[in-house]
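Coordinates as given in target18.cif (mmCIF, C-alpha atoms and all ligand atoms):
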```
data_model
#
loop_
_atom_site.group_PDB
_atom_site.id
_atom_site.type_symbol
_atom_site.label_atom_id
_atom_site.label_comp_id
_atom_site.auth_asym_id
_atom_site.auth_seq_id
_atom_site.Cartn_x
_atom_site.Cartn_y
_atom_site.Cartn_z
ATOM 1 C CA MET M 292 83.370 112.974 51.801
ATOM 2 C CA HIS M 293 82.081 109.424 52.370
ATOM 3 C CA ILE M 294 80.525 106.956 49.991
ATOM 4 C CA LEU M 295 78.425 104.287 51.647
ATOM 5 C CA CYS M 296 78.327 101.004 49.688
ATOM 6 C CA LEU M 297 75.460 98.708 50.633
ATOM 7 C CA ASP M 298 74.679 95.159 49.669
ATOM 8 C CA LEU M 299 71.039 94.705 48.609
ATOM 9 C CA GLU M 300 69.706 91.196 49.271
ATOM 10 C CA GLY M 301 69.724 90.238 52.937
ATOM 11 C CA VAL M 302 70.339 93.878 53.886
ATOM 12 C CA LEU M 303 67.576 96.026 52.331
ATOM 13 C CA ILE M 304 65.394 93.371 50.708
ATOM 14 C CA PRO M 305 64.834 89.633 51.312
ATOM 15 C CA GLU M 306 66.833 87.069 49.325
ATOM 16 C CA ILE M 307 65.022 86.918 45.972
ATOM 17 C CA TRP M 308 65.955 83.293 45.282
ATOM 18 C CA LEU M 309 64.837 82.147 48.765
ATOM 19 C CA GLU M 310 61.457 83.783 48.280
ATOM 20 C CA PHE M 311 61.190 82.263 44.824
ATOM 21 C CA SER M 312 62.100 78.837 46.218
ATOM 22 C CA GLU M 313 59.357 79.064 48.848
ATOM 23 C CA ARG M 314 56.682 80.183 46.416
ATOM 24 C CA THR M 315 57.530 77.577 43.789
ATOM 25 C CA GLY M 316 58.222 74.798 46.309
ATOM 26 C CA ILE M 317 61.558 74.023 44.619
ATOM 27 C CA ALA M 318 63.780 73.408 47.619
ATOM 28 C CA GLU M 319 67.076 73.301 45.684
ATOM 29 C CA LEU M 320 66.613 76.950 44.698
ATOM 30 C CA ALA M 321 67.053 77.922 48.351
ATOM 31 C CA ARG M 322 70.857 77.840 48.149
ATOM 32 C CA THR M 323 72.362 81.342 48.229
ATOM 33 C CA THR M 324 75.764 82.990 48.478
ATOM 34 C CA ARG M 325 75.472 82.240 52.184
ATOM 35 C CA ASP M 326 75.827 78.517 51.401
ATOM 36 C CA GLU M 327 77.899 78.521 48.199
ATOM 37 C CA PRO M 328 80.889 80.888 48.043
ATOM 38 C CA ASP M 329 81.474 80.116 44.325
ATOM 39 C CA TYR M 330 79.018 82.483 42.617
ATOM 40 C CA ASP M 331 79.374 81.011 39.128
ATOM 41 C CA ARG M 332 78.685 77.495 40.378
ATOM 42 C CA LEU M 333 75.635 78.817 42.243
ATOM 43 C CA MET M 334 74.249 80.623 39.172
ATOM 44 C CA ARG M 335 74.885 77.683 36.798
ATOM 45 C CA ALA M 336 72.906 75.467 39.183
ATOM 46 C CA ARG M 337 70.045 77.995 39.363
ATOM 47 C CA LEU M 338 69.810 78.347 35.576
ATOM 48 C CA ASP M 339 69.819 74.574 35.237
ATOM 49 C CA ILE M 340 66.960 74.229 37.761
ATOM 50 C CA LEU M 341 64.939 76.933 35.959
ATOM 51 C CA ARG M 342 65.400 75.079 32.670
ATOM 52 C CA ARG M 343 64.357 71.749 34.142
ATOM 53 C CA HIS M 344 61.200 73.284 35.628
ATOM 54 C CA LYS M 345 60.534 75.386 32.504
ATOM 55 C CA LEU M 346 60.432 78.601 34.548
ATOM 56 C CA GLY M 347 61.120 81.902 32.787
ATOM 57 C CA LEU M 348 61.764 85.505 33.729
ATOM 58 C CA ALA M 349 58.025 86.271 33.947
ATOM 59 C CA ASP M 350 57.552 83.617 36.660
ATOM 60 C CA ILE M 351 60.370 85.058 38.727
ATOM 61 C CA GLN M 352 59.239 88.657 38.215
ATOM 62 C CA GLN M 353 55.731 87.718 39.363
ATOM 63 C CA VAL M 354 57.211 86.726 42.718
ATOM 64 C CA ILE M 355 59.368 89.838 42.946
ATOM 65 C CA GLU M 356 56.397 92.110 42.248
ATOM 66 C CA ARG M 357 54.843 90.865 45.494
ATOM 67 C CA MET M 358 57.991 91.301 47.574
ATOM 68 C CA GLY M 359 58.801 94.452 49.497
ATOM 69 C CA PRO M 360 61.877 95.890 51.197
ATOM 70 C CA LEU M 361 62.697 94.540 54.680
ATOM 71 C CA PRO M 362 60.841 96.358 57.504
ATOM 72 C CA GLY M 363 62.672 99.615 58.263
ATOM 73 C CA ALA M 364 64.769 99.532 55.065
ATOM 74 C CA GLN M 365 63.160 102.588 53.454
ATOM 75 C CA GLU M 366 63.640 104.723 56.593
ATOM 76 C CA PHE M 367 67.224 103.505 57.035
ATOM 77 C CA LEU M 368 68.120 104.190 53.417
ATOM 78 C CA GLY M 369 66.510 107.650 53.584
ATOM 79 C CA ALA M 370 68.526 108.512 56.692
ATOM 80 C CA MET M 371 71.760 107.289 55.083
ATOM 81 C CA ARG M 372 71.142 109.192 51.843
ATOM 82 C CA SER M 373 70.692 112.413 53.832
ATOM 83 C CA ARG M 374 74.228 112.009 55.271
ATOM 84 C CA PHE M 375 76.238 110.142 52.610
ATOM 85 C CA GLN M 376 76.377 109.354 48.941
ATOM 86 C CA VAL M 377 74.918 105.841 48.845
ATOM 87 C CA VAL M 378 75.618 103.255 46.152
ATOM 88 C CA ILE M 379 74.058 99.798 46.241
ATOM 89 C CA LEU M 380 76.470 97.099 45.060
ATOM 90 C CA SER M 381 74.587 93.887 44.369
ATOM 91 C CA ASP M 382 75.059 90.534 42.685
ATOM 92 C CA THR M 383 71.427 90.525 41.632
ATOM 93 C CA PHE M 384 70.269 91.298 38.082
ATOM 94 C CA SER M 385 68.733 94.485 36.715
ATOM 95 C CA GLN M 386 65.662 92.557 35.501
ATOM 96 C CA PHE M 387 64.998 91.344 39.070
ATOM 97 C CA ALA M 388 65.778 94.550 40.909
ATOM 98 C CA GLN M 389 63.447 97.004 39.214
ATOM 99 C CA PRO M 390 60.198 96.501 41.230
ATOM 100 C CA LEU M 391 62.143 96.740 44.491
ATOM 101 C CA MET M 392 64.216 99.731 43.422
ATOM 102 C CA ARG M 393 60.972 101.566 42.749
ATOM 103 C CA GLN M 394 59.873 100.886 46.340
ATOM 104 C CA LEU M 395 63.232 102.112 47.637
ATOM 105 C CA GLY M 396 63.018 105.401 45.698
ATOM 106 C CA TRP M 397 65.427 104.459 42.867
ATOM 107 C CA PRO M 398 68.775 104.579 44.687
ATOM 108 C CA THR M 399 71.941 104.124 42.611
ATOM 109 C CA LEU M 400 72.412 100.426 41.873
ATOM 110 C CA PHE M 401 75.347 98.602 40.284
ATOM 111 C CA CYS M 402 74.431 94.982 39.484
ATOM 112 C CA HIS M 403 74.492 92.327 36.745
ATOM 113 C CA GLU M 404 72.262 91.375 33.818
ATOM 114 C CA LEU M 405 70.398 88.297 32.685
ATOM 115 C CA ASP M 406 70.414 87.152 29.088
ATOM 116 C CA ILE M 407 66.757 86.527 28.281
ATOM 117 C CA GLY M 408 65.681 84.601 25.186
ATOM 118 C CA PRO M 409 62.799 85.701 22.909
ATOM 119 C CA ASP M 410 60.453 83.288 24.740
ATOM 120 C CA GLY M 411 61.359 84.701 28.168
ATOM 121 C CA GLU M 412 63.735 81.858 28.973
ATOM 122 C CA VAL M 413 66.657 82.794 31.221
ATOM 123 C CA ARG M 414 69.469 81.740 28.879
ATOM 124 C CA ASP M 415 72.493 82.968 30.737
ATOM 125 C CA TYR M 416 73.772 85.651 33.052
ATOM 126 C CA ARG M 417 76.298 88.379 32.410
ATOM 127 C CA LEU M 418 78.454 89.708 35.208
ATOM 128 C CA ARG M 419 78.979 93.424 34.625
ATOM 129 C CA MET M 420 82.543 92.621 35.612
ATOM 130 C CA ALA M 421 84.250 90.117 37.886
ATOM 131 C CA ASP M 422 84.565 91.049 41.559
ATOM 132 C CA HIS M 423 82.626 94.258 40.872
ATOM 133 C CA LYS M 424 81.857 95.116 44.499
ATOM 134 C CA ARG M 425 85.537 95.346 45.399
ATOM 135 C CA ALA M 426 86.373 97.084 42.102
ATOM 136 C CA ALA M 427 83.744 99.760 42.758
ATOM 137 C CA VAL M 428 85.058 100.475 46.259
ATOM 138 C CA ARG M 429 88.608 100.614 44.926
ATOM 139 C CA ALA M 430 87.545 103.084 42.213
ATOM 140 C CA PHE M 431 85.752 105.301 44.755
ATOM 141 C CA LYS M 432 88.937 105.350 46.841
ATOM 142 C CA ALA M 433 90.914 106.380 43.746
ATOM 143 C CA LEU M 434 88.446 109.285 43.417
ATOM 144 C CA ASN M 435 89.485 110.361 46.911
ATOM 145 C CA PHE M 436 86.337 109.223 48.739
ATOM 146 C CA ARG M 437 86.336 107.646 52.172
ATOM 147 C CA THR M 438 84.442 104.370 51.835
ATOM 148 C CA ILE M 439 82.183 102.484 54.216
ATOM 149 C CA ALA M 440 80.705 99.144 53.113
ATOM 150 C CA ALA M 441 78.068 96.912 54.682
ATOM 151 C CA GLY M 442 76.881 93.451 53.638
ATOM 152 C CA ASP M 443 75.700 90.134 55.013
ATOM 153 C CA SER M 444 77.490 87.396 53.153
ATOM 154 C CA TYR M 445 80.482 85.760 51.440
ATOM 155 C CA ASN M 446 80.075 87.858 48.307
ATOM 156 C CA ASP M 447 80.528 91.025 50.376
ATOM 157 C CA VAL M 448 83.747 90.113 52.140
ATOM 158 C CA ALA M 449 86.063 91.469 49.400
ATOM 159 C CA MET M 450 84.214 94.815 49.367
ATOM 160 C CA LEU M 451 84.211 94.974 53.182
ATOM 161 C CA GLY M 452 87.958 94.344 53.189
ATOM 162 C CA GLU M 453 88.645 96.934 50.478
ATOM 163 C CA ALA M 454 86.626 99.701 52.177
ATOM 164 C CA HIS M 455 88.075 101.985 54.852
ATOM 165 C CA ALA M 456 85.410 100.488 57.134
ATOM 166 C CA GLY M 457 83.620 97.157 56.527
ATOM 167 C CA ILE M 458 80.550 96.147 58.535
ATOM 168 C CA PHE M 459 78.555 92.895 58.668
ATOM 169 C CA VAL M 460 74.756 93.048 58.758
ATOM 170 C CA HIS M 461 73.273 89.980 60.516
ATOM 171 C CA PRO M 462 75.712 87.556 58.845
ATOM 172 C CA PRO M 463 75.289 83.796 59.298
ATOM 173 C CA ALA M 464 77.350 82.620 62.288
ATOM 174 C CA HIS M 465 79.837 80.664 60.163
ATOM 175 C CA VAL M 466 80.575 83.683 57.938
ATOM 176 C CA ALA M 467 81.049 86.021 60.916
ATOM 177 C CA ALA M 468 83.345 83.460 62.576
ATOM 178 C CA GLN M 469 85.486 83.183 59.453
ATOM 179 C CA PHE M 470 86.000 86.974 59.233
ATOM 180 C CA PRO M 471 86.051 88.097 62.874
ATOM 181 C CA HIS M 472 87.698 91.475 62.140
ATOM 182 C CA PHE M 473 84.464 92.994 60.750
ATOM 183 C CA PRO M 474 82.023 94.382 63.330
ATOM 184 C CA VAL M 475 78.653 92.596 63.364
ATOM 185 C CA THR M 476 75.361 94.510 63.463
ATOM 186 C CA ARG M 477 71.945 92.931 63.869
ATOM 187 C CA SER M 478 69.440 95.744 63.299
ATOM 188 C CA PHE M 479 69.126 98.902 61.211
ATOM 189 C CA ALA M 480 69.621 100.970 64.399
ATOM 190 C CA GLU M 481 72.909 99.167 65.154
ATOM 191 C CA LEU M 482 74.017 99.390 61.545
ATOM 192 C CA GLU M 483 73.265 103.112 61.369
ATOM 193 C CA ALA M 484 75.148 103.786 64.632
ATOM 194 C CA THR M 485 78.160 101.779 63.412
ATOM 195 C CA ILE M 486 78.214 103.558 60.045
ATOM 196 C CA VAL M 487 77.965 106.997 61.657
ATOM 197 C CA ARG M 488 80.795 106.107 64.065
ATOM 198 C CA ALA M 489 82.952 104.875 61.171
ATOM 199 C CA ALA M 490 82.436 108.186 59.386
ATOM 200 C CA GLU M 491 83.646 110.259 62.324
ATOM 201 C CA PRO M 492 87.133 111.703 61.947
ATOM 202 C CA ALA M 493 89.699 109.532 63.742
HETATM 203 MG MG MG Z 1 73.439 89.874 50.550
#
```
Using structure tokens, write down the structure from this file.
Ligand SMILES: [Mg+2]
Amino acid sequence: MHILCLDLEGVLIPEIWLEFSERTGIAELARTTRDEPDYDRLMRARLDILRRHKLGLADIQQVIERMGPLPGAQEFLGAMRSRFQVVILSDTFSQFAQPLMRQLGWPTLFCHELDIGPDGEVRDYRLRMADHKRAAVRAFKALNFRTIAAGDSYNDVAMLGEAHAGIFVHPPAHVAAQFPHFPVTRSFAELEATIVRAAEPA
């Protein structure tokens, strides 16, 4: 039995912070895990920018409400869920994910949480646990599952390495070059074919 672990942003949906940066015109919010491997440093900087611009959760959620999954994501996810148990492992926050999870048919999602103040201010963020993508894959393996993981960025590399099969989904060139042992896919068709091949008995 296989469990398929999928990253969310950059794989099934656009990067929430990039979209938010474009709509607000705040260029410094465009940095993502693709640019900054240190997630805590990245999040501290984001919270600081939100504070300086007096932007709260409602402003961010307004943007997310208008976002949709990437073209083809719903069909891909449906096809994968018919063959595997699928778990989405994301470094996003439950408060951000909800409108998009609805559009994806409420797949299983493990992610983090924001600490929101009474006035809607984003006060802090709470990691569900450190390195949770890798920890989840490791736990699934301990439950005797075969694991396949796919993601696009630095914050997926540990989970890709922990899984029986790790697959990149249109990674930036410098990330792919740094971890050349993971196969690179550039479309949902390629990704699906690579996942199905990885699930075949050796
Ligand atoms: Mg991603």
How big is the axis-aligned box, and where does its centre sit, when it encloses all atoms of segment 397-411 of chain M listed in the file and has 3 Å added on every side, reported in Å to one decimal as JSON?
```
{"center_x": 67.9, "center_y": 93.9, "center_z": 33.8, "size_x": 20.9, "size_y": 27.3, "size_z": 27.8}
```
key: Near-ligand residues for ligand MG 1 (chain Z), threshold 6 Å, all atoms listed in the file, as a PyMOL selection string   = chain M and resi 298-301+442-444
inquiry  = Which residues are close to Gln389 of chain M, i.e. within 10 Å by only C-alpha atoms, leaving aside same-chain residues fewer than 3 positions away? Reply as JSON, numbers by chain.
reply    = {"M": [352, 355, 356, 384, 385, 386, 392, 393, 394, 395, 397, 400]}
ask   = Between atom CA of Arg322 of chain M and atom CA of Arg335 of chain M, what is the spacing in Å?
value =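 Atom CA of Arg335 of chain M sits 12.0 Å away from atom CA of Arg322 of chain M.
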ask   = From the list M:Leu361, M:Leu451, M:Ile294, M:Leu418, which residue is nearest Glu306 of chain M when using only C-alpha atoms?
value = M:Leu361
task = Could you check which of M:Phe479, M:Phe459, M:Phe473, M:Phe401 is closest to Leu303 of chain M, using all atoms listed in the file?
result =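 Of M:Phe479, M:Phe459, M:Phe473, M:Phe401, the one nearest Leu303 of chain M is M:Phe479, counting all atoms listed in the file.
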ask   = Which distance in Å separates atom CA of Gly396 of chain M and atom CA of Pro362 of chain M, to one decimal?
value =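 That distance, rounded to one decimal, is 15.0 Å.
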message = Ranking M:Thr323, M:Gln365, M:Thr438, M:Thr383 by minimum distance to Glu453 of chain M and counting all atoms listed in the file, which one comes first?
response =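 Between M:Thr323, M:Gln365, M:Thr438, M:Thr383, the residue approaching Glu453 of chain M most closely is M:Thr438.
Nearest residue to Phe367 of chain M among M:Ala336, M:Ala484, M:Ala318, M:Ala493 is M:Ala484, counting only C-alpha atoms.
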request  = Name the residues that the PyMOL selection byres (((chain M and resi 490-492) around 12) and not hetatm) picks from the file above, as a ChimeraX atom specification, using the file's chain letters and numbers.
outcome  = /M:292-295,371,374-375,436-440,454-457,483-489,493
request  = Between M:Val354, M:Leu368, M:Ile458, M:Ala464, single out the one closest to Thr476 of chain M, counting all atoms listed in the file.
outcome  =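 Among M:Val354, M:Leu368, M:Ile458, M:Ala464, it is M:Ile458 that comes nearest to Thr476 of chain M.
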task = I would like the residues chosen by the PyMOL selection byres (((chain M and resi 339-343) around 8) and not hetatm) on the shown file; could you give them as a PyMOL selection string?
result = chain M and resi 319-320+335-338+344-347+412-413
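Ranking M:Asn446, M:Met420, M:Glu481, M:Val460 by their shortest atom-to-atom distance to Asp326 of chain M, with only C-alpha atoms included, puts M:Asn446 first.
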ask   = Can you tell me how far atom CA of Ile317 of chain M sits from atom CA of Ala388 of chain M, in Å to one decimal?
value =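 Taking atom CA of Ile317 of chain M and atom CA of Ala388 of chain M, their separation equals 21.3 Å.
The residues caught by the PyMOL selection byres (((chain M and resi 328) around 12) and not hetatm) in this file are Arg322, Thr323, Thr324, Arg325, Asp326, Glu327, Asp329, Tyr330, Asp331, Arg332, Leu333, Met334, Ser444, Tyr445, Asn446, Asp447, Val448, Ala449 and Val466 of chain M.
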